[in-house]
$ cat work_30.tsv   # TSV, C-alpha atoms and all ligand atoms
chain	number	residue	atom	x	y	z
A	1	MET	CA	-160.43	139.90	59.12
A	2	LEU	CA	-162.38	140.90	56.03
A	3	ALA	CA	-164.81	142.74	58.27
A	4	GLN	CA	-161.89	144.58	59.84
A	5	LEU	CA	-160.71	145.54	56.40
A	6	ASP	CA	-164.13	146.92	55.48
A	7	GLN	CA	-164.23	148.86	58.73
A	8	LEU	CA	-160.79	150.33	58.03
A	9	TYR	CA	-161.95	151.37	54.58
A	10	ALA	CA	-165.10	153.01	55.94
A	11	ASP	CA	-163.14	154.87	58.65
A	12	ALA	CA	-160.52	156.02	56.20
A	13	LEU	CA	-163.14	157.42	53.85
A	14	ALA	CA	-164.87	159.26	56.66
A	15	GLN	CA	-161.59	160.79	57.87
A	16	LEU	CA	-160.62	161.75	54.35
A	17	ASP	CA	-163.82	163.75	54.12
A	18	GLN	CA	-162.83	165.67	57.21
A	19	ALA	CA	-159.44	166.78	55.88
A	20	THR	CA	-159.92	170.44	55.00
A	21	ASN	CA	-156.35	171.46	54.17
A	22	THR	CA	-153.16	169.90	52.83
A	23	ALA	CA	-151.66	169.53	56.31
A	24	ASP	CA	-154.66	167.46	57.45
A	25	LEU	CA	-154.41	165.43	54.32
A	26	ASP	CA	-150.79	164.76	54.91
A	27	ASN	CA	-151.54	163.40	58.40
A	28	TRP	CA	-154.34	161.27	57.02
A	29	TYR	CA	-151.98	159.77	54.48
A	30	LYS	CA	-149.37	158.90	57.09
A	31	ALA	CA	-151.97	157.30	59.40
A	32	THR	CA	-153.65	155.32	56.63
A	33	LEU	CA	-151.30	154.47	53.81
A	34	GLY	CA	-147.96	155.44	55.38
A	35	ARG	CA	-145.11	153.10	56.28
A	36	LYS	CA	-146.62	152.29	59.70
A	37	GLY	CA	-150.22	153.16	58.77
A	38	ALA	CA	-153.45	151.23	59.38
A	39	VAL	CA	-153.32	149.36	56.09
A	40	TYR	CA	-149.82	148.15	56.74
A	41	LEU	CA	-150.68	147.02	60.26
A	42	LEU	CA	-153.57	144.97	58.92
A	43	THR	CA	-151.44	143.24	56.28
A	44	ARG	CA	-149.11	142.06	59.02
A	45	GLN	CA	-151.95	139.99	60.43
A	46	VAL	CA	-152.41	138.04	57.21
A	47	GLY	CA	-150.59	135.11	58.81
A	48	GLN	CA	-153.64	134.42	60.98
A	49	LEU	CA	-155.73	133.63	57.90
A	50	THR	CA	-156.22	130.19	56.42
A	51	ALA	CA	-154.73	129.40	53.04
A	52	GLU	CA	-158.17	129.66	51.39
A	53	GLU	CA	-158.95	133.02	52.94
A	54	ARG	CA	-155.71	134.64	51.95
A	55	PRO	CA	-156.23	135.31	48.19
A	56	LEU	CA	-159.60	136.90	48.80
A	57	PHE	CA	-158.18	139.09	51.55
A	58	GLY	CA	-155.21	140.09	49.42
A	59	GLN	CA	-157.42	141.01	46.51
A	60	ARG	CA	-159.72	143.13	48.63
A	61	LEU	CA	-156.76	144.79	50.35
A	62	ASN	CA	-155.25	145.83	47.03
A	63	GLN	CA	-158.56	147.18	45.84
A	64	ILE	CA	-158.91	149.29	48.94
A	65	LYS	CA	-155.33	150.49	48.77
A	66	ASN	CA	-155.61	151.59	45.15
A	67	ASP	CA	-158.92	153.23	45.80
A	68	LEU	CA	-157.62	155.17	48.79
A	69	GLU	CA	-154.50	156.26	46.85
A	70	ALA	CA	-156.63	157.55	44.02
A	71	ARG	CA	-158.99	159.42	46.32
A	72	TYR	CA	-156.06	160.89	48.19
A	73	GLN	CA	-154.47	162.20	44.98
A	74	GLN	CA	-157.76	163.67	43.82
A	75	ARG	CA	-158.35	165.32	47.15
A	76	LEU	CA	-154.82	166.71	47.26
A	77	ASP	CA	-155.21	168.31	43.84
A	78	ASN	CA	-158.48	169.90	44.84
A	79	LEU	CA	-157.12	171.27	48.09
A	80	LYS	CA	-154.02	172.69	46.43
A	81	THR	CA	-156.07	174.51	43.85
A	82	ALA	CA	-158.38	175.84	46.53
A	83	GLU	CA	-155.44	177.03	48.67
A	84	LEU	CA	-153.84	178.81	45.74
A	85	GLU	CA	-157.12	180.46	44.84
A	86	ALA	CA	-157.61	181.60	48.43
A	87	GLN	CA	-154.09	183.04	48.47
A	88	ILE	CA	-154.60	184.97	45.24
A	89	ALA	CA	-157.93	186.31	46.47
A	90	ALA	CA	-156.38	187.41	49.77
A	91	SER	CA	-153.32	189.20	48.37
A	92	ALA	CA	-155.16	191.40	45.91
A	93	LEU	CA	-152.78	190.80	43.02
A	94	ASP	CA	-153.30	193.33	40.27
A	95	VAL	CA	-151.71	191.94	37.14
A	96	THR	CA	-152.36	195.17	35.29
A	97	LEU	CA	-149.94	197.18	37.47
A	98	PRO	CA	-146.66	198.06	35.70
A	99	GLY	CA	-143.61	196.10	36.93
A	100	ARG	CA	-140.88	197.56	39.13
A	101	ARG	CA	-137.92	198.77	37.16
A	102	PRO	CA	-134.70	197.06	38.34
A	103	VAL	CA	-132.03	199.52	39.51
A	104	ARG	CA	-129.34	199.80	36.89
A	105	GLY	CA	-125.73	200.33	37.87
A	106	GLY	CA	-123.29	202.55	36.03
A	107	LEU	CA	-119.58	203.18	35.85
A	108	HIS	CA	-118.07	205.57	38.37
A	109	ILE	CA	-117.13	208.92	36.89
A	110	ILE	CA	-113.45	208.24	37.56
A	111	THR	CA	-113.66	204.83	35.86
A	112	GLN	CA	-115.17	206.56	32.84
A	113	THR	CA	-112.42	209.17	32.86
A	114	LEU	CA	-109.74	206.49	33.23
A	115	ARG	CA	-111.15	204.53	30.30
A	116	GLU	CA	-111.09	207.62	28.13
A	117	ILE	CA	-107.44	208.17	29.06
A	118	TYR	CA	-106.61	204.48	28.36
A	119	ARG	CA	-108.26	204.70	24.97
A	120	ILE	CA	-106.30	207.78	23.88
A	121	PHE	CA	-102.95	206.42	25.05
A	122	GLY	CA	-103.87	202.98	23.72
A	123	ASP	CA	-104.15	204.53	20.25
A	124	MET	CA	-100.64	205.88	20.71
A	125	GLY	CA	-99.23	202.47	21.62
A	126	PHE	CA	-99.20	202.72	25.43
A	127	GLN	CA	-100.17	199.63	27.43
A	128	VAL	CA	-101.76	199.68	30.88
A	129	TYR	CA	-99.23	198.47	33.46
A	130	ARG	CA	-100.44	197.70	36.98
A	131	SER	CA	-98.21	198.13	40.00
A	132	PRO	CA	-99.01	197.70	43.70
A	133	ASP	CA	-100.70	200.27	45.97
A	134	VAL	CA	-98.56	199.12	48.88
A	135	GLU	CA	-94.98	199.96	48.08
A	136	THR	CA	-91.57	200.09	49.61
A	137	ASP	CA	-89.82	203.32	50.36
A	138	ALA	CA	-87.24	202.26	47.79
A	139	TYR	CA	-89.67	202.19	44.86
A	140	ASN	CA	-91.74	205.14	45.95
A	141	PHE	CA	-88.85	207.46	46.79
A	142	GLU	CA	-85.30	206.25	46.85
A	143	MET	CA	-84.95	204.76	43.40
A	144	LEU	CA	-86.79	207.78	42.03
A	145	ASN	CA	-83.90	209.90	43.22
A	146	PHE	CA	-85.44	211.12	46.47
A	147	PRO	CA	-82.68	210.53	49.06
A	148	PRO	CA	-83.88	209.82	52.65
A	149	HIS	CA	-83.95	213.44	53.80
A	150	HIS	CA	-84.75	215.12	50.53
A	151	PRO	CA	-87.14	218.05	51.06
A	152	ALA	CA	-89.27	216.97	48.07
A	153	ARG	CA	-90.57	214.13	50.24
A	154	GLU	CA	-92.36	216.74	52.30
A	155	MET	CA	-94.79	217.43	49.48
A	156	GLN	CA	-95.89	213.81	49.67
A	157	ASP	CA	-96.60	213.15	53.34
A	158	SER	CA	-96.89	209.38	53.46
A	159	PHE	CA	-98.91	206.75	55.25
A	160	TYR	CA	-96.47	204.40	56.94
A	161	THR	CA	-97.07	200.83	58.04
A	162	THR	CA	-95.67	199.00	61.03
A	163	ARG	CA	-92.73	198.10	58.82
A	164	PRO	CA	-90.51	201.15	58.43
A	165	ASP	CA	-89.78	200.48	54.75
A	166	VAL	CA	-93.37	199.79	53.66
A	167	ILE	CA	-95.73	202.65	52.76
A	168	LEU	CA	-98.83	203.34	50.71
A	169	ARG	CA	-97.65	204.77	47.43
A	170	THR	CA	-97.88	208.54	47.29
A	171	HIS	CA	-97.77	208.60	43.49
A	172	THR	CA	-97.94	206.13	40.62
A	173	SER	CA	-94.33	207.03	39.76
A	174	ALA	CA	-93.41	204.16	42.10
A	175	GLY	CA	-94.34	201.80	39.25
A	176	GLN	CA	-91.83	203.37	36.84
A	177	ILE	CA	-88.94	201.31	38.16
A	178	ARG	CA	-91.06	198.15	38.16
A	179	ALA	CA	-92.10	198.67	34.55
A	180	MET	CA	-88.55	199.38	33.42
A	181	ARG	CA	-87.14	196.32	35.16
A	182	ASP	CA	-89.91	194.24	33.61
A	183	TYR	CA	-89.38	195.53	30.07
A	184	TYR	CA	-85.58	195.81	29.97
A	185	PRO	CA	-83.97	195.77	27.42
A	186	GLU	CA	-87.06	196.42	25.27
A	187	PRO	CA	-88.44	199.93	24.87
A	188	VAL	CA	-91.13	200.88	27.40
A	189	ARG	CA	-94.41	202.54	26.55
A	190	VAL	CA	-96.85	202.20	29.43
A	191	ILE	CA	-99.41	204.07	31.46
A	192	LEU	CA	-99.75	203.23	35.13
A	193	PRO	CA	-103.14	204.00	36.64
A	194	GLY	CA	-104.18	203.57	40.23
A	195	MET	CA	-105.03	204.89	43.65
A	196	CYS	CA	-102.46	206.95	45.55
A	197	TYR	CA	-102.44	207.94	49.22
A	198	ARG	CA	-101.14	210.98	51.04
A	199	ASN	CA	-101.50	212.01	54.62
A	200	GLU	CA	-103.15	215.34	53.82
A	201	GLN	CA	-105.82	217.42	55.36
A	202	ILE	CA	-109.16	216.54	53.76
A	203	THR	CA	-110.54	219.63	52.05
A	204	THR	CA	-112.49	220.47	48.92
A	205	ARG	CA	-109.23	220.42	46.98
A	206	SER	CA	-107.16	217.70	48.64
A	207	SER	CA	-107.95	214.21	49.79
A	208	ILE	CA	-106.07	211.37	51.44
A	209	GLN	CA	-106.69	209.15	48.44
A	210	PHE	CA	-107.00	209.91	44.76
A	211	THR	CA	-106.18	208.30	41.44
A	212	GLN	CA	-103.28	209.09	39.19
A	213	VAL	CA	-102.31	208.02	35.72
A	214	GLU	CA	-98.60	207.86	35.14
A	215	GLY	CA	-97.03	207.58	31.71
A	216	LEU	CA	-93.59	206.30	30.85
A	217	ALA	CA	-91.77	205.97	27.56
A	218	VAL	CA	-88.18	204.71	27.43
A	219	GLY	CA	-86.25	203.95	24.28
A	220	LYS	CA	-83.47	205.11	22.02
A	221	ALA	CA	-83.49	208.76	20.89
A	222	ILE	CA	-86.65	209.77	22.74
A	223	SER	CA	-86.55	213.55	23.07
A	224	PHE	CA	-88.40	216.36	24.77
A	225	ALA	CA	-90.12	216.96	21.42
A	226	ASP	CA	-91.70	213.49	21.77
A	227	LEU	CA	-92.92	214.40	25.25
A	228	LYS	CA	-94.49	217.65	24.00
A	229	GLY	CA	-95.98	216.05	20.92
A	230	THR	CA	-97.48	213.10	22.81
A	231	LEU	CA	-98.98	215.19	25.59
A	232	THR	CA	-100.32	217.91	23.29
A	233	GLU	CA	-101.98	215.26	21.15
A	234	PHE	CA	-103.44	213.72	24.29
A	235	ALA	CA	-104.83	217.08	25.46
A	236	CYS	CA	-106.44	217.73	22.08
A	237	ARG	CA	-108.10	214.32	22.05
A	238	LEU	CA	-109.35	214.63	25.62
A	239	PHE	CA	-110.37	218.28	25.72
A	240	GLY	CA	-111.03	219.13	22.06
A	241	ALA	CA	-108.95	219.62	18.91
A	242	GLU	CA	-108.72	223.39	19.32
A	243	ARG	CA	-106.89	223.15	22.68
A	244	GLN	CA	-103.44	224.70	22.99
A	245	THR	CA	-100.82	223.63	25.50
A	246	ARG	CA	-97.94	225.32	27.24
A	247	PHE	CA	-95.10	223.87	29.27
A	248	ARG	CA	-93.79	225.61	32.35
A	249	ALA	CA	-90.47	224.66	33.94
A	250	SER	CA	-90.93	222.70	37.16
A	251	TYR	CA	-89.08	220.36	39.47
A	252	PHE	CA	-89.38	216.66	40.23
A	253	PRO	CA	-86.43	214.65	41.57
A	254	PHE	CA	-87.01	211.87	39.02
A	255	THR	CA	-87.19	213.97	35.85
A	256	GLU	CA	-84.71	216.42	34.33
A	257	PRO	CA	-85.75	218.76	32.86
A	258	SER	CA	-89.24	218.84	34.37
A	259	ALA	CA	-92.31	220.69	33.18
A	260	GLU	CA	-95.91	221.23	34.06
A	261	MET	CA	-98.39	221.25	31.22
A	262	ASP	CA	-101.32	223.66	30.99
A	263	VAL	CA	-104.12	223.58	28.42
A	264	THR	CA	-106.19	226.53	27.30
A	265	CYS	CA	-109.34	226.60	29.42
A	266	PHE	CA	-112.01	224.56	27.68
A	267	LEU	CA	-114.80	226.46	29.38
A	268	CYS	CA	-113.92	229.97	28.24
A	269	SER	CA	-111.49	228.97	25.45
A	270	GLY	CA	-108.82	231.11	27.02
A	271	LYS	CA	-110.81	234.30	27.51
A	272	GLY	CA	-110.76	233.93	31.30
A	273	CYS	CA	-113.40	232.58	33.68
A	274	GLN	CA	-113.89	231.43	37.25
A	275	VAL	CA	-112.61	227.90	36.61
A	276	CYS	CA	-109.28	229.04	35.13
A	277	LYS	CA	-109.19	231.90	37.64
A	278	TYR	CA	-109.11	234.40	34.76
A	279	THR	CA	-105.77	233.13	33.47
A	280	GLY	CA	-107.14	231.30	30.44
A	281	TRP	CA	-105.02	228.23	31.34
A	282	LEU	CA	-105.62	225.06	33.34
A	283	GLU	CA	-102.81	223.02	34.85
A	284	ILE	CA	-103.26	219.38	33.84
A	285	LEU	CA	-100.14	217.35	34.56
A	286	GLY	CA	-96.51	217.11	35.61
A	287	SER	CA	-93.90	215.71	33.26
A	288	GLY	CA	-90.25	215.56	32.32
A	289	MET	CA	-87.41	213.59	30.81
A	290	VAL	CA	-86.58	210.51	32.91
A	291	HIS	CA	-83.62	211.33	35.16
A	292	PRO	CA	-80.43	209.39	34.31
A	293	VAL	CA	-80.30	208.03	37.87
A	294	VAL	CA	-83.84	206.66	37.50
A	295	LEU	CA	-83.02	205.10	34.12
A	296	ARG	CA	-80.05	203.38	35.69
A	297	ASN	CA	-82.14	202.13	38.61
A	298	GLY	CA	-84.57	200.70	36.07
A	299	GLY	CA	-81.72	198.84	34.37
A	300	TYR	CA	-81.22	201.09	31.34
A	301	ASP	CA	-77.90	202.72	30.40
A	302	PRO	CA	-78.61	206.48	30.32
A	303	GLU	CA	-75.86	206.88	27.70
A	304	LYS	CA	-77.92	204.82	25.28
A	305	TYR	CA	-81.50	205.28	26.39
A	306	THR	CA	-83.67	208.26	27.15
A	307	GLY	CA	-87.30	208.59	28.10
A	308	PHE	CA	-90.09	210.81	29.26
A	309	ALA	CA	-92.65	210.47	32.05
A	310	PHE	CA	-95.77	212.28	33.09
A	311	GLY	CA	-98.41	212.08	35.79
A	312	MET	CA	-101.94	213.39	36.01
A	313	GLY	CA	-104.93	213.24	38.36
A	314	PRO	CA	-108.20	212.01	36.83
A	315	GLU	CA	-110.18	213.60	39.68
A	316	ARG	CA	-108.76	216.99	38.75
A	317	ILE	CA	-109.55	216.38	35.08
A	318	ALA	CA	-113.13	215.37	35.92
A	319	MET	CA	-113.51	218.37	38.25
A	320	LEU	CA	-112.47	220.74	35.51
A	321	LYS	CA	-114.53	219.01	32.87
A	322	TYR	CA	-117.77	218.84	34.85
A	323	GLY	CA	-117.35	221.85	37.11
A	324	ILE	CA	-117.17	219.72	40.30
A	325	ASP	CA	-115.98	221.91	43.16
A	326	ASP	CA	-115.35	219.35	45.90
A	327	ILE	CA	-112.92	216.42	45.52
A	328	ARG	CA	-114.52	214.61	48.48
A	329	LEU	CA	-117.58	213.87	46.36
A	330	PHE	CA	-115.71	211.27	44.28
A	331	TRP	CA	-115.23	208.76	47.09
A	332	GLY	CA	-118.18	209.76	49.31
A	333	ASN	CA	-120.49	207.13	47.73
A	334	ASP	CA	-123.43	209.50	47.50
A	335	LEU	CA	-125.70	208.21	44.75
A	336	ARG	CA	-127.13	211.68	44.15
A	337	PHE	CA	-123.67	212.70	42.97
A	338	LEU	CA	-122.69	209.47	41.21
A	339	GLN	CA	-125.93	209.13	39.24
A	340	GLN	CA	-125.27	212.36	37.40
A	341	PHE	CA	-122.62	210.75	35.23
A	401	LIG	N1	-95.43	211.88	40.50
A	401	LIG	C1	-95.61	213.30	40.31
A	401	LIG	C2	-96.63	213.79	41.37
A	401	LIG	O1	-97.33	212.99	41.94
A	401	LIG	C3	-96.11	213.60	38.92
A	401	LIG	C4	-95.12	213.30	37.85
A	401	LIG	C5	-95.11	212.06	37.23
A	401	LIG	C6	-94.19	214.24	37.44
A	401	LIG	C7	-94.19	211.76	36.24
A	401	LIG	C8	-93.27	213.97	36.44
A	401	LIG	C9	-93.29	212.74	35.86
A	401	LIG	O2	-96.73	214.96	41.63
$ encode --input "work_30.tsv" --output "structure tokens"
Amino acid sequence: MLAQLDQLYADALAQLDQATNTADLDNWYKATLGRKGAVYLLTRQVGQLTAEERPLFGQRLNQIKNDLEARYQQRLDNLKTAELEAQIAASALDVTLPGRRPVRGGLHIITQTLREIYRIFGDMGFQVYRSPDVETDAYNFEMLNFPPHHPAREMQDSFYTTRPDVILRTHTSAGQIRAMRDYYPEPVRVILPGMCYRNEQITTRSSIQFTQVEGLAVGKAISFADLKGTLTEFACRLFGAERQTRFRASYFPFTEPSAEMDVTCFLCSGKGCQVCKYTGWLEILGSGMVHPVVLRNGGYDPEKYTGFAFGMGPERIAMLKYGIDDIRLFWGNDLRFLQQF
């Protein structure tokens, strides 16, 4: 038995010498010191020894085991270092090369424009109010005083769903009623930003989806002067203090009276250029005093409350501001365009 042990030790050492990589070494370990390895198999035969022989055998076995463990560990360390060195040598790593710059993201031009609008109205006490993109006909049209066959609906050709009363909102005005019902009987001062959808031909000037920012103020004794003052102040903060505004009579079913607001062209300062088509003015938004029917639908008594509303398109504002001539660029996901802002 002791002779067998010595033989095992000699064989193991010889095989260890032959292991030239970590995989070999791993196999050697399993075959020698592993759970069913040679050493283990030999210990199982210890029962055949006499009582006197056993201590000597045990002692020698432990010696061999410890020795083999230590040699294995040493060998493993050496091989690992060698393998790493070979890998480094093979892959020609040049630590003096400059690192690769990670790609840095940025905010979309419309997000930037929206945030500027939020900041200006935030200063004036308006909160951002979110309302759904998917709306009912009632919120988008009917409660805003568009009866079912009203011709004004034609200007907002809608995307319908399989449910006849559910559409994609054609304007953020749909959220006006929601905000009023939420705030009643408190005064309302909110802006409603978000994506709107219209079934339009896709051209450089019109798109099937675009953002709008709606504004709504409802309270006691709110007048048209408040509307003009608020929106003129907004225009000056967004486009520059020297801007002038003008209001032209217009029509929306949900406001009465209604007006469109122009600002003096910020490119030519009113002298006339290509962007303002030589008029000196740029149309920025639609607005008006909240129609009594709409106030009532929102829960407010039009005898006691009044309000104003307005709506603008951030894409149009960005187009004017940066001289962008194609609205399709905003949602085309072309980095060459987006990275410019
Ligand atoms: N919702 C109108 C549009 O999309 C804009 C608007 C909003 C007009 C609020 C008046 C008041 O054209």
$ closest_residue --input "work_30.tsv" --among "A:Val190, A:Ile177, A:Ala82, A:Ile222" --to "Gly122 in chain A" --atoms "all atoms listed in the file"
A:Val190
$ residues_around --input "work_30.tsv" --residues "Ser250 in chain A" --least-positions-apart "5" --cutoff "7 Å" --atoms "all atoms listed in the file" --output "ChimeraX atom specification"
/A:258-260
$ residues_around --input "work_30.tsv" --residues "range 107-111 of chain A" --least-positions-apart "3" --cutoff "7 Å" --atoms "all atoms listed in the file" --output "MDAnalysis selection string"
chainID A and resid 114:115 314:315 338 341
$ residues_near_ligand --input "work_30.tsv" --ligand "ligand LIG 401 (chain A)" --cutoff "6 Å" --atoms "only C-alpha atoms and all ligand atoms" --output "list in words"
His171, Ser173, Glu214, Gly286, Ser287, Gly288, Ala309, Phe310 and Gly311 of chain A
$ write_last_selection --input "work_30.tsv" --atoms "C-alpha atoms" --output "PDB file, in the frame of the given file"
ATOM      1  CA  HIS A 171     -97.770 208.600  43.490  1.00  0.00           C
ATOM      2  CA  SER A 173     -94.330 207.030  39.760  1.00  0.00           C
ATOM      3  CA  GLU A 214     -98.600 207.860  35.140  1.00  0.00           C
ATOM      4  CA  GLY A 286     -96.510 217.110  35.610  1.00  0.00           C
ATOM      5  CA  SER A 287     -93.900 215.710  33.260  1.00  0.00           C
ATOM      6  CA  GLY A 288     -90.250 215.560  32.320  1.00  0.00           C
ATOM      7  CA  ALA A 309     -92.650 210.470  32.050  1.00  0.00           C
ATOM      8  CA  PHE A 310     -95.770 212.280  33.090  1.00  0.00           C
ATOM      9  CA  GLY A 311     -98.410 212.080  35.790  1.00  0.00           C
TER      10      GLY A 311
END
$ residues_around --input "work_30.tsv" --residues "Trp28 in chain A" --least-positions-apart "4" --cutoff "7 Å" --atoms "all atoms listed in the file" --output "number ranges by chain"
A: 16, 24, 32
$ closest_residue --input "work_30.tsv" --among "A:Ser223, A:Phe252, A:Ser206, A:Met319" --to "His291 in chain A" --atoms "all atoms listed in the file"
A:Phe252
$ decode --input "work_30.tsv" --residues "range 50-58 of chain A" --atoms "all heavy atoms" --output "mmCIF file, in the first residue's frame"
data_model
loop_
_atom_site.group_PDB
_atom_site.id
_atom_site.type_symbol
_atom_site.label_atom_id
_atom_site.label_comp_id
_atom_site.auth_asym_id
_atom_site.auth_seq_id
_atom_site.Cartn_x
_atom_site.Cartn_y
_atom_site.Cartn_z
ATOM 1 N N THR A 50 -3.278 -3.174 8.360
ATOM 2 C CA THR A 50 -3.342 -3.557 9.774
ATOM 3 C C THR A 50 -3.356 -2.305 10.609
ATOM 4 O O THR A 50 -3.039 -1.225 10.115
ATOM 5 C CB THR A 50 -2.092 -4.375 10.173
ATOM 6 O OG1 THR A 50 -0.957 -3.508 10.023
ATOM 7 C CG2 THR A 50 -1.914 -5.599 9.307
ATOM 8 N N ALA A 51 -3.738 -2.459 11.875
ATOM 9 C CA ALA A 51 -3.844 -1.317 12.777
ATOM 10 C C ALA A 51 -2.512 -0.591 12.924
ATOM 11 O O ALA A 51 -2.481 0.626 13.081
ATOM 12 C CB ALA A 51 -4.337 -1.778 14.157
ATOM 13 N N GLU A 52 -1.391 -1.333 12.847
ATOM 14 C CA GLU A 52 -0.078 -0.686 13.008
ATOM 15 C C GLU A 52 0.290 0.118 11.759
ATOM 16 O O GLU A 52 0.961 1.136 11.836
ATOM 17 C CB GLU A 52 1.053 -1.721 13.272
ATOM 18 C CG GLU A 52 0.933 -2.478 14.576
ATOM 19 C CD GLU A 52 0.042 -3.717 14.407
ATOM 20 O OE1 GLU A 52 0.438 -4.646 13.685
ATOM 21 O OE2 GLU A 52 -1.084 -3.720 14.977
ATOM 22 N N GLU A 53 -0.119 -0.413 10.611
ATOM 23 C CA GLU A 53 0.263 0.245 9.359
ATOM 24 C C GLU A 53 -0.492 1.549 9.128
ATOM 25 O O GLU A 53 0.003 2.469 8.500
ATOM 26 C CB GLU A 53 -0.028 -0.688 8.176
ATOM 27 C CG GLU A 53 0.999 -1.781 8.015
ATOM 28 C CD GLU A 53 0.572 -2.815 6.962
ATOM 29 O OE1 GLU A 53 -0.663 -3.094 6.857
ATOM 30 O OE2 GLU A 53 1.436 -3.297 6.249
ATOM 31 N N ARG A 54 -1.688 1.595 9.682
ATOM 32 C CA ARG A 54 -2.577 2.710 9.347
ATOM 33 C C ARG A 54 -2.018 4.105 9.640
ATOM 34 O O ARG A 54 -2.052 4.968 8.770
ATOM 35 C CB ARG A 54 -3.916 2.544 10.064
ATOM 36 C CG ARG A 54 -4.921 1.891 9.134
ATOM 37 C CD ARG A 54 -6.245 1.765 9.767
ATOM 38 N NE ARG A 54 -6.740 0.415 9.486
ATOM 39 C CZ ARG A 54 -7.873 -0.060 9.951
ATOM 40 N NH1 ARG A 54 -8.613 0.681 10.770
ATOM 41 N NH2 ARG A 54 -8.238 -1.265 9.638
ATOM 42 N N PRO A 55 -1.502 4.380 10.854
ATOM 43 C CA PRO A 55 -1.031 5.757 11.133
ATOM 44 C C PRO A 55 0.042 6.204 10.151
ATOM 45 O O PRO A 55 -0.001 7.329 9.660
ATOM 46 C CB PRO A 55 -0.461 5.666 12.536
ATOM 47 C CG PRO A 55 -1.020 4.439 13.120
ATOM 48 C CD PRO A 55 -1.300 3.494 11.996
ATOM 49 N N LEU A 56 0.954 5.308 9.842
ATOM 50 C CA LEU A 56 2.052 5.651 8.943
ATOM 51 C C LEU A 56 1.485 6.014 7.551
ATOM 52 O O LEU A 56 1.854 7.015 6.949
ATOM 53 C CB LEU A 56 3.008 4.451 8.826
ATOM 54 C CG LEU A 56 4.313 4.758 8.091
ATOM 55 C CD1 LEU A 56 5.114 5.835 8.832
ATOM 56 C CD2 LEU A 56 5.148 3.479 7.933
ATOM 57 N N PHE A 57 0.552 5.186 7.113
ATOM 58 C CA PHE A 57 -0.065 5.405 5.811
ATOM 59 C C PHE A 57 -0.788 6.759 5.787
ATOM 60 O O PHE A 57 -0.636 7.568 4.873
ATOM 61 C CB PHE A 57 -1.045 4.271 5.503
ATOM 62 C CG PHE A 57 -1.744 4.438 4.185
ATOM 63 C CD1 PHE A 57 -1.107 4.052 3.000
ATOM 64 C CD2 PHE A 57 -3.018 4.980 4.112
ATOM 65 C CE1 PHE A 57 -1.751 4.217 1.787
ATOM 66 C CE2 PHE A 57 -3.662 5.142 2.895
ATOM 67 C CZ PHE A 57 -3.029 4.757 1.722
ATOM 68 N N GLY A 58 -1.563 6.984 6.848
ATOM 69 C CA GLY A 58 -2.325 8.235 6.936
ATOM 70 C C GLY A 58 -1.412 9.432 6.880
ATOM 71 O O GLY A 58 -1.680 10.403 6.180
#
